[in-house]
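K.L.:
Structure: run-v6.cif, mmCIF, C-alpha atoms.
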data_model
loop_
_atom_site.group_PDB
_atom_site.id
_atom_site.type_symbol
_atom_site.label_atom_id
_atom_site.label_comp_id
_atom_site.auth_asym_id
_atom_site.auth_seq_id
_atom_site.Cartn_x
_atom_site.Cartn_y
_atom_site.Cartn_z
ATOM 1 C CA MET O 890 -7.720 7.853 -9.922
ATOM 2 C CA PRO O 891 -4.900 5.730 -8.413
ATOM 3 C CA ALA O 892 -3.827 6.419 -4.833
ATOM 4 C CA ARG O 893 -0.679 8.443 -4.411
ATOM 5 C CA ARG O 894 2.187 6.718 -2.656
ATOM 6 C CA GLU O 895 4.267 8.589 -0.121
ATOM 7 C CA ARG O 896 7.889 8.711 -1.220
ATOM 8 C CA LYS O 897 10.527 7.878 1.348
ATOM 9 C CA PRO O 898 13.318 10.461 1.568
ATOM 10 C CA PRO O 899 16.515 9.287 -0.157
ATOM 11 C CA PHE O 900 18.459 9.670 3.096
ATOM 12 C CA LYS O 901 17.897 9.590 6.836
ATOM 13 C CA ALA O 902 19.386 12.215 9.147
ATOM 14 C CA CYS O 903 21.354 11.675 12.341
ATOM 15 C CA THR O 904 19.391 13.296 15.171
ATOM 16 C CA ASN O 905 22.642 14.257 16.913
ATOM 17 C CA CYS O 906 24.617 15.988 14.123
ATOM 18 C CA ARG O 907 22.176 16.097 11.133
ATOM 19 C CA PHE O 908 24.566 14.140 8.890
ATOM 20 C CA LEU O 909 22.652 12.490 6.022
ATOM 21 C CA VAL O 910 23.238 8.789 5.408
ATOM 22 C CA SER O 911 21.639 5.953 3.458
ATOM 23 C CA HIS O 912 18.826 3.994 5.091
ATOM 24 C CA GLU O 913 21.106 0.968 5.460
ATOM 25 C CA THR O 914 23.537 2.856 7.736
ATOM 26 C CA VAL O 915 23.386 1.758 11.387
ATOM 27 C CA LYS O 916 25.942 4.112 12.969
ATOM 28 C CA CYS O 917 26.579 7.733 11.988
ATOM 29 C CA PRO O 918 30.056 8.011 10.453
ATOM 30 C CA ASN O 919 30.281 11.636 11.602
ATOM 31 C CA CYS O 920 29.460 11.395 15.330
ATOM 32 C CA GLY O 921 28.870 7.695 16.092
ATOM 33 C CA SER O 922 25.207 8.089 17.070
ATOM 34 C CA THR O 923 22.663 5.362 16.291
ATOM 35 C CA SER O 924 19.633 7.685 16.390
ATOM 36 C CA PHE O 925 18.176 8.666 12.990
ATOM 37 C CA THR O 926 15.022 10.250 11.566
ATOM 38 C CA ASP O 927 13.301 10.403 8.183
ATOM 39 C CA GLU O 928 11.728 13.721 9.222
ATOM 40 C CA TRP O 929 14.104 16.348 7.884
ATOM 41 C CA SER O 930 14.080 19.158 5.334
ATOM 42 C CA GLY O 931 16.667 21.015 3.303
ATOM 43 C CA MET O 932 20.109 19.746 2.418
ATOM 44 C CA ILE O 933 23.491 21.413 2.438
ATOM 45 C CA ILE O 934 26.716 19.909 1.169
ATOM 46 C CA LEU O 935 29.781 21.127 3.025
ATOM 47 C CA VAL O 936 33.235 20.614 1.553
ATOM 48 C CA ASN O 937 35.257 22.189 4.349
ATOM 49 C CA PRO O 938 33.032 22.716 7.409
ATOM 50 C CA ASN O 939 35.893 24.016 9.573
ATOM 51 C CA HIS O 940 36.128 27.118 7.366
ATOM 52 C CA SER O 941 32.436 27.529 6.539
ATOM 53 C CA GLU O 942 30.355 30.416 7.822
ATOM 54 C CA VAL O 943 27.226 28.447 6.892
ATOM 55 C CA ALA O 944 28.349 25.520 9.071
ATOM 56 C CA LEU O 945 28.981 27.959 11.903
ATOM 57 C CA LEU O 946 25.553 29.551 11.462
ATOM 58 C CA LEU O 947 23.798 26.151 11.401
ATOM 59 C CA GLU O 948 25.979 24.894 14.284
ATOM 60 C CA ILE O 949 27.259 21.944 12.256
ATOM 61 C CA LYS O 950 30.286 20.375 13.862
ATOM 62 C CA SER O 951 32.206 18.054 11.580
ATOM 63 C CA LYS O 952 35.871 17.548 10.755
ATOM 64 C CA GLU O 953 35.083 16.350 7.242
ATOM 65 C CA GLY O 954 32.561 17.469 4.693
ATOM 66 C CA GLY O 955 29.403 15.720 3.636
ATOM 67 C CA LYS O 956 25.642 16.092 3.284
ATOM 68 C CA PHE O 957 23.727 17.615 6.210
ATOM 69 C CA ALA O 958 20.053 18.288 6.890
ATOM 70 C CA ILE O 959 19.233 21.942 7.466
ATOM 71 C CA ARG O 960 16.266 21.208 9.740
ATOM 72 C CA LEU O 961 15.087 18.116 11.621
ATOM 73 C CA GLY O 962 11.382 17.437 12.060
ATOM 74 C CA THR O 963 8.553 18.553 9.842
#
Turn this file's structure into structure tokens for me.

P.N.:
Amino acid sequence: MPARRERKPPFKACTNCRFLVSHETVKCPNCGSTSFTDEWSGMIILVNPNHSEVALLLEIKSKEGGKFAIRLGT
């Protein structure tokens, strides 16, 4: 049986604000951080985070919408 390859997540998450970006991104467009992780789970897409109860509950601070990780780490 062939060995199974581990799949890399399609995005990496900013460790400061949990914004999801492509692996080529060097600086988070949401908060400016340069710290990222591939260890994240769950994704939420926020259209208007300033008026979102989910964003408030998850403590997501962003002026514009986008893709965010729900949890960092494994």

K.L.:
Excluding same-chain residues fewer than 5 positions from Leu909 (chain O), what lies within 8 Å of it counting only C-alpha atoms, as a PyMOL selection string?

P.N.:
chain O and resi 900-903+955-958

K.L.:
Could you tell me how far CA of Gly931 (chain O) lies from CA of Cys906 (chain O), in Å and to one decimal?

P.N.:
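CA of Cys906 (chain O) lies 14.3 Å from CA of Gly931 (chain O).
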
K.L.:
For the atom pair CA of Asn937 (chain O) and CA of Asn905 (chain O), what is the interatomic distance in Å to one decimal place?

P.N.:
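We find that CA of Asn937 (chain O) and CA of Asn905 (chain O) lie 19.5 Å from each other.
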
K.L.:
When you count all atoms listed in the file, which of these residues is closest to Glu948 (chain O): O:Arg960, O:Thr914, O:Val936, O:Ser930?

P.N.:
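Comparing O:Arg960, O:Thr914, O:Val936, O:Ser930 against Glu948 (chain O), the winner is O:Arg960.
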
K.L.:
Carefully work through the PyMOL selection byres ((chain O and resi 954) around 12) for this structure and note down the residues it includes, as a list in words.

P.N.:
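So the PyMOL selection byres ((chain O and resi 954) around 12), applied here, picks out Phe908, Leu909, Pro918, Asn919, Ile933, Ile934, Leu935, Val936, Asn937, Pro938, Asn939, His940, Ser941, Ala944, Ile949, Lys950, Ser951, Lys952, Glu953, Gly955, Lys956 and Phe957 of chain O.
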
K.L.:
The selected residues should be written to file as a PDB file, in the coordinates of the input (atoms: C-alpha atoms).

P.N.:
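Result file is part_8.pdb:
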ATOM      1  CA  PHE O 908      24.566  14.140   8.890  1.00  0.00           C
ATOM      2  CA  LEU O 909      22.652  12.490   6.022  1.00  0.00           C
ATOM      3  CA  PRO O 918      30.056   8.011  10.453  1.00  0.00           C
ATOM      4  CA  ASN O 919      30.281  11.636  11.602  1.00  0.00           C
ATOM      5  CA  ILE O 933      23.491  21.413   2.438  1.00  0.00           C
ATOM      6  CA  ILE O 934      26.716  19.909   1.169  1.00  0.00           C
ATOM      7  CA  LEU O 935      29.781  21.127   3.025  1.00  0.00           C
ATOM      8  CA  VAL O 936      33.235  20.614   1.553  1.00  0.00           C
ATOM      9  CA  ASN O 937      35.257  22.189   4.349  1.00  0.00           C
ATOM     10  CA  PRO O 938      33.032  22.716   7.409  1.00  0.00           C
ATOM     11  CA  ASN O 939      35.893  24.016   9.573  1.00  0.00           C
ATOM     12  CA  HIS O 940      36.128  27.118   7.366  1.00  0.00           C
ATOM     13  CA  SER O 941      32.436  27.529   6.539  1.00  0.00           C
ATOM     14  CA  ALA O 944      28.349  25.520   9.071  1.00  0.00           C
ATOM     15  CA  ILE O 949      27.259  21.944  12.256  1.00  0.00           C
ATOM     16  CA  LYS O 950      30.286  20.375  13.862  1.00  0.00           C
ATOM     17  CA  SER O 951      32.206  18.054  11.580  1.00  0.00           C
ATOM     18  CA  LYS O 952      35.871  17.548  10.755  1.00  0.00           C
ATOM     19  CA  GLU O 953      35.083  16.350   7.242  1.00  0.00           C
ATOM     20  CA  GLY O 955      29.403  15.720   3.636  1.00  0.00           C
ATOM     21  CA  LYS O 956      25.642  16.092   3.284  1.00  0.00           C
ATOM     22  CA  PHE O 957      23.727  17.615   6.210  1.00  0.00           C
TER      23      PHE O 957
END

K.L.:
In Å, rounded to a single decimal, give me how far CA of Thr904 (chain O) is from CA of Lys916 (chain O).

P.N.:
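These two atoms are separated by 11.5 Å.
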